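Data from start.txt: compact mmCIF, C-alpha atoms and all ligand atoms
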```
# COMPACT_ATOMS: atom_id res chain seq x y z
CA MET Y 270 -11.29 10.47 15.54
CA SER Y 271 -14.66 10.14 17.27
CA GLN Y 272 -17.57 8.34 15.59
CA ASP Y 273 -19.37 11.65 15.18
CA ALA Y 274 -16.35 13.23 13.55
CA SER Y 275 -16.00 10.22 11.28
CA ARG Y 276 -19.58 10.54 10.13
CA ASP Y 277 -19.15 14.23 9.52
CA ALA Y 278 -15.89 13.73 7.59
CA PHE Y 279 -17.47 11.02 5.46
CA TYR Y 280 -20.15 13.41 4.24
CA ARG Y 281 -17.78 16.39 3.91
CA HIS Y 282 -14.56 14.89 2.63
CA VAL Y 283 -15.01 11.36 1.30
CA ALA Y 284 -15.96 11.64 -2.37
CA GLN Y 285 -19.47 10.34 -2.86
CA THR Y 286 -20.73 8.14 -5.69
CA SER Y 287 -24.39 9.03 -5.28
CA ASP Y 288 -26.46 11.49 -3.30
CA ALA Y 289 -27.91 8.67 -1.19
CA PRO Y 290 -25.13 6.55 0.30
CA LEU Y 291 -26.27 3.84 2.71
CA GLY Y 292 -24.22 5.57 5.38
CA LEU Y 293 -24.21 2.72 7.91
CA GLU Y 294 -21.50 3.41 10.49
CA ILE Y 295 -19.39 0.27 10.55
CA THR Y 296 -17.49 -0.51 13.72
CA GLY Y 297 -16.66 -4.14 12.98
CA ALA Y 298 -17.38 -7.10 10.74
CA ASP Y 299 -17.04 -10.76 11.51
CA GLY Y 300 -18.44 -13.84 9.89
CA VAL Y 301 -21.76 -13.03 8.24
CA PHE Y 302 -22.32 -9.86 10.24
CA LEU Y 303 -21.53 -6.18 9.89
CA ARG Y 304 -21.60 -4.36 13.22
CA THR Y 305 -22.70 -0.74 13.38
CA ARG Y 306 -22.25 2.09 15.79
CA ASP Y 307 -25.84 1.87 17.00
CA GLY Y 308 -25.32 -1.74 18.04
CA ARG Y 309 -26.99 -3.43 15.08
CA GLU Y 310 -25.79 -6.75 13.71
CA ILE Y 311 -26.50 -6.61 10.01
CA ILE Y 312 -26.53 -9.80 7.96
CA ASP Y 313 -24.33 -9.21 4.95
CA PHE Y 314 -26.36 -11.07 2.37
CA ILE Y 315 -24.31 -9.72 -0.55
CA SER Y 316 -20.83 -10.39 0.88
CA GLY Y 317 -19.64 -6.84 0.17
CA ILE Y 318 -20.63 -7.75 -3.37
CA ALA Y 319 -19.17 -11.19 -3.75
CA VAL Y 320 -16.00 -10.46 -1.79
CA SER Y 321 -16.32 -11.94 1.70
CA SER Y 322 -17.23 -15.49 0.68
CA LEU Y 323 -15.41 -16.82 3.75
CA GLY Y 324 -17.23 -14.34 5.95
CA HIS Y 325 -15.65 -11.18 7.28
CA GLY Y 326 -12.35 -11.44 9.12
CA HIS Y 327 -11.74 -15.15 8.72
CA PRO Y 328 -9.15 -15.92 11.40
CA GLU Y 329 -6.81 -17.79 9.06
CA VAL Y 330 -6.86 -14.94 6.57
CA VAL Y 331 -6.30 -12.38 9.33
CA ARG Y 332 -3.34 -14.40 10.62
CA ALA Y 333 -1.83 -14.64 7.12
CA VAL Y 334 -2.16 -10.85 6.75
CA GLN Y 335 -0.56 -10.15 10.11
CA GLU Y 336 2.31 -12.56 9.55
CA GLN Y 337 3.07 -11.29 6.06
CA ALA Y 338 2.81 -7.64 7.13
CA ALA Y 339 5.39 -8.34 9.82
CA ARG Y 340 7.66 -10.21 7.35
CA HIS Y 341 7.55 -7.65 4.54
CA MET Y 342 5.09 -5.48 2.70
CA HIS Y 343 5.66 -3.95 -0.73
CA VAL Y 344 9.20 -4.38 -2.00
CA MET Y 345 9.37 -3.76 -5.77
CA VAL Y 346 7.10 -3.48 -8.80
CA TYR Y 347 5.36 -6.70 -9.72
CA GLY Y 348 7.44 -9.21 -11.64
CA GLU Y 349 10.97 -8.31 -10.51
CA LEU Y 350 11.53 -10.03 -7.18
CA ILE Y 351 10.66 -13.52 -6.02
CA GLN Y 352 8.12 -13.18 -3.22
CA ARG Y 353 6.84 -16.33 -1.60
CA PRO Y 354 3.17 -15.25 -1.21
CA GLN Y 355 2.93 -14.58 -4.97
CA SER Y 356 4.74 -17.75 -5.97
CA SER Y 357 2.71 -19.89 -3.62
CA LEU Y 358 -0.61 -18.44 -4.73
CA ALA Y 359 0.29 -18.68 -8.43
CA ALA Y 360 1.31 -22.32 -8.01
CA ARG Y 361 -1.85 -23.15 -6.08
CA LEU Y 362 -4.06 -21.49 -8.68
CA ALA Y 363 -2.23 -23.12 -11.58
CA SER Y 364 -2.70 -26.52 -9.95
CA LEU Y 365 -6.48 -25.91 -9.88
CA LEU Y 366 -6.87 -24.45 -13.39
CA PRO Y 367 -6.67 -26.14 -16.81
CA GLU Y 368 -3.09 -26.46 -18.06
CA THR Y 369 -3.60 -23.69 -20.64
CA LEU Y 370 -4.17 -21.26 -17.74
CA ASP Y 371 -0.97 -21.99 -15.90
CA ARG Y 372 0.43 -18.47 -15.57
CA ILE Y 373 -0.94 -15.76 -13.36
CA TYR Y 374 -0.41 -12.01 -13.68
CA PHE Y 375 -1.37 -10.24 -10.46
CA VAL Y 376 -3.02 -6.83 -10.30
CA ASN Y 377 -4.96 -4.91 -7.65
CA SER Y 378 -8.56 -5.04 -8.78
CA GLY Y 379 -11.07 -6.48 -11.19
CA THR Y 380 -11.02 -3.66 -13.66
CA GLU Y 381 -7.22 -3.77 -13.84
CA ALA Y 382 -7.40 -7.48 -14.61
CA ASN Y 383 -9.71 -6.73 -17.53
CA GLU Y 384 -7.58 -3.82 -18.74
CA ALA Y 385 -4.58 -6.13 -18.80
CA ALA Y 386 -6.58 -8.86 -20.55
CA LEU Y 387 -7.68 -6.47 -23.30
CA LYS Y 388 -4.13 -5.21 -23.82
CA LEU Y 389 -2.75 -8.73 -23.81
CA ALA Y 390 -5.28 -9.81 -26.44
CA LYS Y 391 -4.40 -6.83 -28.66
CA LYS Y 392 -0.68 -7.39 -28.45
CA HIS Y 393 -0.88 -11.17 -28.85
CA THR Y 394 -3.18 -11.08 -31.88
CA GLY Y 395 -2.04 -7.80 -33.44
CA ARG Y 396 -5.76 -6.92 -33.76
CA HIS Y 397 -7.77 -4.24 -32.03
CA ARG Y 398 -11.45 -5.17 -32.36
CA PHE Y 399 -13.47 -6.64 -29.48
CA VAL Y 400 -16.82 -8.32 -29.13
CA ALA Y 401 -18.71 -7.74 -25.88
CA PHE Y 402 -22.26 -8.03 -24.58
CA ARG Y 403 -25.15 -5.75 -23.77
CA ASP Y 404 -25.56 -5.46 -20.03
CA GLY Y 405 -22.16 -7.03 -19.44
CA TYR Y 406 -20.09 -5.33 -16.74
CA HIS Y 407 -16.31 -5.26 -16.69
CA GLY Y 408 -15.32 -2.28 -14.54
CA ASP Y 409 -15.14 1.48 -14.57
CA THR Y 410 -11.74 2.33 -16.01
CA GLN Y 411 -11.80 3.38 -19.65
CA GLY Y 412 -10.83 0.08 -21.29
CA SER Y 413 -13.19 -1.98 -19.14
CA LEU Y 414 -15.93 0.59 -19.59
CA SER Y 415 -15.42 0.37 -23.37
CA VAL Y 416 -16.54 -3.27 -23.26
CA THR Y 417 -19.26 -2.71 -20.66
CA GLY Y 418 -22.67 -2.89 -22.30
CA ARG Y 419 -24.82 -0.27 -20.66
CA ASP Y 420 -25.23 3.09 -22.42
CA VAL Y 421 -26.20 5.12 -19.36
CA TYR Y 422 -22.76 4.49 -17.83
CA ARG Y 423 -20.84 4.77 -21.12
CA THR Y 424 -22.29 7.79 -22.82
CA PRO Y 425 -20.87 10.46 -20.47
CA TYR Y 426 -17.36 9.13 -21.12
CA GLU Y 427 -17.43 8.72 -24.86
CA PRO Y 428 -15.42 8.51 -27.01
CA LEU Y 429 -14.22 5.21 -25.55
CA LEU Y 430 -12.14 2.50 -27.23
CA PRO Y 431 -13.08 2.15 -30.91
CA GLY Y 432 -13.87 -1.17 -32.56
CA VAL Y 433 -16.13 -2.76 -29.95
CA ASP Y 434 -19.22 -4.60 -31.22
CA PHE Y 435 -21.98 -5.46 -28.76
CA CYS Y 436 -24.38 -8.35 -29.00
CA SER Y 437 -27.26 -9.41 -26.76
CA PHE Y 438 -26.34 -12.11 -24.27
CA ASN Y 439 -27.28 -15.62 -25.40
CA ASP Y 440 -27.94 -14.33 -28.94
CA PRO Y 441 -26.57 -16.61 -31.70
CA ALA Y 442 -25.97 -13.50 -33.85
CA VAL Y 443 -22.69 -13.12 -31.99
CA MET Y 444 -21.13 -15.80 -34.19
CA GLU Y 445 -21.16 -13.41 -37.19
CA LEU Y 446 -19.45 -10.70 -35.19
CA ILE Y 447 -16.50 -12.94 -34.33
CA THR Y 448 -14.26 -12.55 -37.37
CA ASP Y 449 -10.54 -12.79 -37.97
CA GLU Y 450 -10.30 -9.08 -37.18
CA VAL Y 451 -11.39 -9.62 -33.58
CA ALA Y 452 -8.68 -9.62 -30.90
CA ALA Y 453 -11.00 -11.04 -28.26
CA VAL Y 454 -14.49 -11.73 -27.08
CA ILE Y 455 -14.89 -10.58 -23.48
CA MET Y 456 -17.78 -11.89 -21.44
CA GLU Y 457 -19.02 -13.11 -18.10
CA PRO Y 458 -20.15 -16.75 -18.27
CA ILE Y 459 -22.87 -15.60 -15.88
CA GLN Y 460 -23.79 -11.97 -16.39
CA SER Y 461 -23.65 -10.34 -12.99
CA GLU Y 462 -24.68 -6.70 -13.02
CA GLY Y 463 -26.85 -7.47 -16.04
CA GLY Y 464 -29.19 -9.41 -13.73
CA ILE Y 465 -27.56 -12.78 -12.89
CA ILE Y 466 -28.05 -14.42 -16.26
CA PRO Y 467 -26.23 -17.69 -16.98
CA ALA Y 468 -24.96 -18.30 -20.50
CA ASP Y 469 -26.68 -20.99 -22.49
CA PRO Y 470 -24.21 -23.95 -22.58
CA ALA Y 471 -24.48 -24.67 -26.32
CA TRP Y 472 -24.14 -20.97 -27.14
CA LEU Y 473 -21.03 -20.66 -24.97
CA ALA Y 474 -19.48 -23.74 -26.58
CA GLY Y 475 -20.27 -22.18 -29.97
CA ILE Y 476 -18.43 -18.98 -29.04
CA ARG Y 477 -15.40 -21.02 -27.97
CA GLU Y 478 -15.42 -22.82 -31.30
CA ARG Y 479 -15.80 -19.63 -33.31
CA CYS Y 480 -12.95 -17.94 -31.38
CA THR Y 481 -10.69 -20.88 -32.10
CA GLU Y 482 -11.63 -20.77 -35.82
CA THR Y 483 -10.93 -17.05 -36.14
CA GLY Y 484 -7.89 -16.88 -33.86
CA SER Y 485 -9.71 -14.49 -31.51
CA LEU Y 486 -9.05 -14.92 -27.81
CA LEU Y 487 -11.87 -15.73 -25.43
CA ILE Y 488 -11.74 -13.75 -22.18
CA PHE Y 489 -13.94 -14.85 -19.30
CA ASP Y 490 -14.48 -12.25 -16.63
CA GLU Y 491 -15.04 -14.31 -13.48
CA ILE Y 492 -14.42 -11.43 -11.14
CA GLN Y 493 -17.81 -11.94 -9.53
CA SER Y 494 -18.48 -15.61 -10.30
CA GLY Y 495 -15.06 -16.94 -9.28
CA PHE Y 496 -13.70 -18.54 -6.14
CA GLY Y 497 -16.50 -20.95 -5.44
CA ARG Y 498 -19.44 -18.58 -5.62
CA THR Y 499 -21.31 -20.66 -8.20
CA GLY Y 500 -20.49 -24.05 -6.67
CA ARG Y 501 -17.30 -24.65 -8.68
CA LEU Y 502 -14.02 -22.79 -8.31
CA PHE Y 503 -14.84 -20.93 -11.53
CA ALA Y 504 -18.17 -20.87 -13.35
CA PHE Y 505 -16.59 -21.99 -16.63
CA GLU Y 506 -16.15 -25.42 -15.05
CA HIS Y 507 -19.92 -25.91 -15.15
CA TYR Y 508 -19.74 -25.48 -18.91
CA GLY Y 509 -16.55 -27.33 -19.76
CA VAL Y 510 -15.56 -24.31 -21.88
CA VAL Y 511 -12.05 -23.03 -21.21
CA PRO Y 512 -11.18 -19.39 -21.98
CA ASP Y 513 -7.81 -18.17 -23.29
CA ILE Y 514 -7.68 -15.55 -20.55
CA LEU Y 515 -9.49 -15.72 -17.21
CA THR Y 516 -9.87 -12.60 -15.05
CA MET Y 517 -10.53 -12.72 -11.31
CA ALA Y 518 -10.64 -10.44 -8.25
CA LYS Y 519 -13.21 -9.76 -5.49
CA ALA Y 520 -13.33 -12.91 -3.30
CA MET Y 521 -9.81 -13.79 -4.38
CA GLY Y 522 -8.08 -11.69 -1.72
CA GLY Y 523 -10.22 -12.92 1.18
CA GLY Y 524 -11.08 -9.26 1.88
CA MET Y 525 -7.79 -7.73 0.69
CA PRO Y 526 -7.51 -5.96 -2.68
CA LEU Y 527 -6.22 -8.33 -5.35
CA GLY Y 528 -7.00 -9.24 -8.93
CA ALA Y 529 -5.34 -11.42 -11.54
CA LEU Y 530 -5.50 -12.78 -15.02
CA ALA Y 531 -4.59 -16.35 -15.87
CA SER Y 532 -3.47 -17.39 -19.33
CA SER Y 533 -0.81 -19.48 -21.05
CA THR Y 534 2.94 -18.96 -21.23
CA ARG Y 535 2.56 -18.53 -25.01
CA ILE Y 536 0.05 -15.70 -24.73
CA PHE Y 537 1.83 -13.96 -21.85
CA ARG Y 538 4.96 -13.64 -23.98
CA ALA Y 539 3.33 -10.51 -25.41
CA PHE Y 540 3.96 -8.76 -22.09
CA MET Y 541 7.62 -9.84 -21.96
CA TYR Y 542 8.97 -8.71 -25.31
CA ASP Y 543 8.84 -5.85 -27.83
CA PRO Y 544 9.47 -3.96 -25.65
CA PRO Y 545 10.17 -5.65 -22.31
CA LEU Y 546 8.20 -4.21 -19.39
CA ASN Y 547 5.35 -3.13 -21.66
CA HIS Y 548 2.75 -3.83 -18.98
CA VAL Y 549 3.79 -3.29 -15.38
CA THR Y 550 2.17 -2.47 -12.06
CA THR Y 551 3.67 -1.15 -8.84
CA PHE Y 552 1.35 -2.72 -6.31
CA GLY Y 553 -0.10 -5.64 -8.29
CA GLY Y 554 0.26 -8.87 -6.33
CA HIS Y 555 0.96 -7.08 -3.07
CA PRO Y 556 2.54 -9.67 -0.77
CA VAL Y 557 0.00 -9.08 2.01
CA SER Y 558 -2.89 -9.49 -0.43
CA CYS Y 559 -1.34 -12.61 -1.93
CA ALA Y 560 -0.77 -14.13 1.52
CA ALA Y 561 -4.42 -13.43 2.35
CA ALA Y 562 -5.55 -14.93 -0.97
CA ASP Y 563 -3.43 -18.03 -0.52
CA ALA Y 564 -4.94 -18.59 2.94
CA ALA Y 565 -8.46 -17.88 1.64
CA LEU Y 566 -8.09 -20.36 -1.20
CA HIS Y 567 -6.77 -22.97 1.18
CA VAL Y 568 -9.80 -22.50 3.49
CA LEU Y 569 -12.26 -22.50 0.56
CA LEU Y 570 -11.01 -25.89 -0.59
CA ARG Y 571 -10.42 -27.45 2.82
CA ASP Y 572 -13.82 -26.47 4.23
CA GLY Y 573 -15.80 -27.58 1.18
CA LEU Y 574 -17.25 -24.11 0.70
CA MET Y 575 -17.88 -24.64 -3.00
CA GLU Y 576 -20.24 -27.48 -2.19
CA ARG Y 577 -21.81 -25.16 0.34
CA ALA Y 578 -22.66 -22.75 -2.49
CA ALA Y 579 -24.68 -25.51 -4.15
CA ASN Y 580 -26.62 -26.11 -0.88
CA ILE Y 581 -27.34 -22.40 -0.62
CA GLU Y 582 -28.90 -22.49 -4.08
CA GLN Y 583 -31.10 -25.48 -3.21
CA THR Y 584 -32.35 -23.85 -0.01
CA ALA Y 585 -32.99 -20.55 -1.77
CA ARG Y 586 -34.95 -22.19 -4.58
CA LYS Y 587 -37.01 -24.14 -2.04
CA ILE Y 588 -37.93 -21.10 0.06
CA LEU Y 589 -38.12 -18.25 -2.43
CA LYS Y 590 -41.46 -19.00 -4.00
CA GLY Y 591 -44.81 -17.33 -3.90
CA ARG Y 592 -46.42 -13.96 -4.04
CA GLY Y 593 -44.44 -11.29 -5.89
CA ILE Y 594 -41.51 -13.53 -6.83
CA VAL Y 595 -41.19 -13.86 -10.58
CA GLU Y 596 -38.09 -16.04 -10.70
CA VAL Y 597 -34.90 -17.09 -8.90
CA ARG Y 598 -31.94 -17.04 -11.28
CA GLY Y 599 -28.30 -17.97 -11.09
CA MET Y 600 -26.04 -20.66 -9.82
CA GLY Y 601 -24.81 -21.59 -6.36
CA ALA Y 602 -24.66 -18.55 -4.13
CA MET Y 603 -24.70 -16.13 -7.07
CA LEU Y 604 -28.43 -15.67 -7.23
CA GLY Y 605 -30.92 -13.04 -8.28
CA LEU Y 606 -34.50 -12.71 -7.19
CA GLN Y 607 -36.48 -11.32 -10.10
CA LEU Y 608 -39.39 -9.17 -8.94
CA ALA Y 609 -42.20 -7.56 -10.86
CA ASP Y 610 -41.07 -3.94 -10.86
CA ALA Y 611 -38.45 -1.48 -9.65
CA ASP Y 612 -40.70 -0.04 -6.95
CA ILE Y 613 -41.26 -3.40 -5.23
CA THR Y 614 -37.55 -4.18 -5.56
CA ARG Y 615 -36.48 -0.90 -3.96
CA LYS Y 616 -39.02 -1.27 -1.17
CA THR Y 617 -38.06 -4.88 -0.45
CA VAL Y 618 -34.38 -4.00 -0.16
CA ALA Y 619 -35.12 -1.02 2.10
CA TYR Y 620 -37.57 -2.98 4.26
CA CYS Y 621 -35.19 -5.89 4.79
CA LEU Y 622 -32.45 -3.55 5.99
CA LYS Y 623 -34.67 -1.46 8.23
CA GLU Y 624 -36.85 -4.14 9.76
CA HIS Y 625 -34.66 -7.24 9.64
CA SER Y 626 -31.09 -5.90 9.39
CA ILE Y 627 -30.54 -7.86 6.19
CA LEU Y 628 -28.28 -6.13 3.68
CA LEU Y 629 -29.37 -6.77 0.10
CA GLY Y 630 -28.86 -4.86 -3.11
CA TRP Y 631 -29.85 -4.73 -6.70
CA THR Y 632 -27.51 -5.08 -9.65
CA LEU Y 633 -26.07 -2.13 -11.57
CA HIS Y 634 -27.88 -2.82 -14.81
CA SER Y 635 -31.17 -4.13 -13.46
CA ASP Y 636 -33.50 -2.43 -11.01
CA THR Y 637 -35.98 -5.28 -10.74
CA LEU Y 638 -33.65 -7.91 -9.35
CA VAL Y 639 -32.59 -8.42 -5.74
CA ARG Y 640 -29.03 -9.68 -5.52
CA LEU Y 641 -28.48 -12.63 -3.19
CA ALA Y 642 -24.84 -13.50 -2.54
CA PRO Y 643 -24.43 -14.57 1.10
CA PRO Y 644 -21.07 -15.55 2.53
CA LEU Y 645 -20.58 -19.26 1.83
CA VAL Y 646 -20.02 -19.85 5.55
CA ILE Y 647 -23.57 -18.85 6.53
CA ASP Y 648 -25.15 -21.63 8.63
CA ASP Y 649 -28.35 -23.39 7.66
CA ASP Y 650 -30.57 -21.86 10.31
CA LEU Y 651 -29.59 -18.29 9.60
CA LEU Y 652 -29.81 -18.92 5.87
CA GLU Y 653 -33.33 -20.29 6.12
CA GLN Y 654 -34.56 -17.61 8.52
CA THR Y 655 -33.12 -14.87 6.31
CA LEU Y 656 -34.62 -16.28 3.13
CA ILE Y 657 -38.04 -16.59 4.78
CA LYS Y 658 -37.84 -12.96 5.88
CA ILE Y 659 -36.92 -11.90 2.35
CA ARG Y 660 -39.76 -13.95 0.85
CA ASP Y 661 -42.27 -12.43 3.26
CA ALA Y 662 -40.91 -8.95 2.67
CA VAL Y 663 -41.49 -9.32 -1.08
CA ALA Y 664 -45.06 -10.50 -0.48
CA MET Y 665 -45.68 -7.54 1.81
CA GLN Y 666 -44.34 -4.90 -0.61
CA GLY Y 667 -46.42 -6.37 -3.41
CA ARG Y 668 -49.53 -5.84 -1.30
CA SER Y 669 -48.98 -2.21 -0.31
N1 LIG Y 701 -16.19 -7.45 -13.64
C1 LIG Y 701 -17.21 -7.90 -12.90
C2 LIG Y 701 -18.04 -9.04 -13.41
C3 LIG Y 701 -17.50 -7.31 -11.67
O1 LIG Y 701 -18.53 -7.76 -10.94
C4 LIG Y 701 -16.70 -6.24 -11.22
C5 LIG Y 701 -16.98 -5.55 -9.90
N2 LIG Y 701 -18.32 -5.34 -9.61
C6 LIG Y 701 -15.63 -5.81 -12.01
C7 LIG Y 701 -15.41 -6.44 -13.22
C8 LIG Y 701 -14.75 -4.68 -11.59
O2 LIG Y 701 -14.00 -5.04 -10.47
P1 LIG Y 701 -13.36 -3.90 -9.54
O3 LIG Y 701 -14.49 -3.17 -8.89
O4 LIG Y 701 -12.50 -4.66 -8.57
O5 LIG Y 701 -12.55 -3.02 -10.42
```
As structure tokens, please, write out the structure in this file.
Amino acid sequence: MSQDASRDAFYRHVAQTSDAPLGLEITGADGVFLRTRDGREIIDFISGIAVSSLGHGHPEVVRAVQEQAARHMHVMVYGELIQRPQSSLAARLASLLPETLDRIYFVNSGTEANEAALKLAKKHTGRHRFVAFRDGYHGDTQGSLSVTGRDVYRTPYEPLLPGVDFCSFNDPAVMELITDEVAAVIMEPIQSEGGIIPADPAWLAGIRERCTETGSLLIFDEIQSGFGRTGRLFAFEHYGVVPDILTMAKAMGGGMPLGALASSTRIFRAFMYDPPLNHVTTFGGHPVSCAAADAALHVLLRDGLMERAANIEQTARKILKGRGIVEVRGMGAMLGLQLADADITRKTVAYCLKEHSILLGWTLHSDTLVRLAPPLVIDDDLLEQTLIKIRDAVAMQGRS
């Protein structure tokens, strides 16, 4: 198909999610850059939204994909056959996680990981209530949407799951909502779409304690914050607070679709018995995705990319100061640039793309925050130059 035909078919036949898609015509992507039909090299400063932490098309990930595709692709629904890419990845992850998170259930996406986590919590506890947070984001399928805390996205799909109580993030009032009727508390240790808001450490420790007291499970959604983005493999490590179930996806697959939940053998028994096969997936843990993820995790650790995330934060905090910038929030390379209003935010994002070929975005639940999530492999010079351009762009929009 020609490029013109592709463009035409995109607008005619690919289902759209808004009436204003970016519509850049991608012809390639490598490292930090997206390449477009008109010859532009666009700096992907959001990593496809926290996916391409290793940059696009990392050669070791590409090789793992090619080799596994040649060996075998899908063979049987998840959980029946022993497939080396799954086993290897599960063992590697278990060796990096606390010992209570030593089993991994593979799925295809973030929202599926959360769906599975919610079901697992219900079946394990025999309860059906959940506690979740305003402006939290957990995905767009019905279970995940039921615990997502933004009315504008929920209302059109109601009724959703019953029995979900919402609390403001970092609000101590949550402790009263966590009772012995609650199956689980589901939360992001750093709210992502809500505007890159880290949890207060004492508050998070308090939630852990209250969950343990009431027998409610604590689910951390680290779909966006995981795999080194915040400077540690998972953000919960900054807090020393261990969840009962950890969900992950996005950067996990090194660019391939993959998600997972980690929990204990004891909790995962709920999926094995009464009846057996009560939660299954055809494509979850696809061998090609798992091979890619195993290679990506190996590179992340070997190349010290988590430490790199911490450097990115330091550089960003040093440069992003001055006119129009209200605050820089977040951890590592999961940062948000808080601006004064939605108009300046929209203009800054548009200006950076048009004039500087820097791809930025806002977050789903905040229109006054510019999302900054560069690939962890970005080099110092490009990082600094890009941040300076963003800073100056903010100052310029503020003036007009
Ligand atoms: N949780 C969080 C924190 C996310 O950022 C996302 C994706 N933006 C999801 C869940 C849903 O993941 P997916 O799009 O893979 O279903």
Point-to-point distance from CA of Leu291 (chain Y) to CA of Gly317 (chain Y), Å rounded to tenths: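 Interatomic distance here is 12.8 Å.
With all atoms listed in the file as the basis for measurement, Y:His634 is the residue among Y:Arg309, Y:His625, Y:His634, Y:His567 that approaches ligand LIG 701 (chain Y) most closely.
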Expected answer as a VMD selection string: residues within 7 Å of ligand LIG 701 (chain Y), only C-alpha atoms and all ligand atoms: chain Y and resid 378 to 381 406 to 409 457 461 to 462 490 to 493 518 to 519
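Between CA of Phe375 (chain Y) and CA of Ala529 (chain Y) the interatomic distance comes to 4.3 Å.
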Give me, please, the distance in Å between CA of Gly412 (chain Y) and CA of Glu384 (chain Y), quoted to one decimal.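 About the pair CA of Gly412 (chain Y) and CA of Glu384 (chain Y): they are 5.7 Å apart.
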Excluding same-chain residues fewer than 6 positions from region 438-443 of chain Y, what lies within 8 Å of it counting all atoms listed in the file, as a ChimeraX atom specification? /Y:402-404,468-469,472,476
All residues 6 Å or closer to Thr483 (chain Y), all atoms listed in the file, same chain fewer than 2 positions away omitted, as a PyMOL selection string: chain Y and resi 448-449+480-481+485
For Glu596 (chain Y), work out the shell of residues within 9 Å, counting only C-alpha atoms and skipping chain neighbours fewer than 5 positions away, then give it as a ChimeraX atom specification. /Y:589-590,605-608
Okay, now the selection with C-alpha atoms, as a PDB file, in the frame of the given file?
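The file below, selection13.pdb, is the result:
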```
ATOM      1  CA  LEU Y 589     -38.120 -18.250  -2.430  1.00  0.00           C
ATOM      2  CA  LYS Y 590     -41.460 -19.000  -4.000  1.00  0.00           C
ATOM      3  CA  GLY Y 605     -30.920 -13.040  -8.280  1.00  0.00           C
ATOM      4  CA  LEU Y 606     -34.500 -12.710  -7.190  1.00  0.00           C
ATOM      5  CA  GLN Y 607     -36.480 -11.320 -10.100  1.00  0.00           C
ATOM      6  CA  LEU Y 608     -39.390  -9.170  -8.940  1.00  0.00           C
TER       7      LEU Y 608
END
```
Leu527 (chain Y): which residues within 12 Å, counting all atoms listed in the file, same-chain residues fewer than 2 positions away excluded, as a VMD selection string? chain Y and resid 320 355 358 374 to 382 492 516 to 525 529 to 530 552 to 563
Give me the box for region 613-625 of chain Y as AutoDock Vina command-line options, namely the centre and edge lengths in Å to one decimal of a box along x, y and z that holds every listed atom plus 5 Å on each side.
```
--center_x -36.9 --center_y -4.1 --center_z 2.1 --size_x 18.8 --size_y 16.3 --size_z 25.3
```
Using all atoms listed in the file for the distances, tell me which of Y:Gly463, Y:Gly528, Y:Pro354, Y:Gly593 is nearest to Ile659 (chain Y). Y:Gly593
Within 12 Å of (0.1, -26.9, -15.3) (file coordinates; all atoms listed in the file), which protein or nucleic acid residues are there? I'd like them as a ChimeraX atom specification. /Y:359-373,531-534
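Among the candidates Y:Ser626, Y:Thr632, Y:Thr424, Y:Asn383, the residue lying nearest to Leu515 (chain Y) is Y:Asn383 (atoms considered: all atoms listed in the file).
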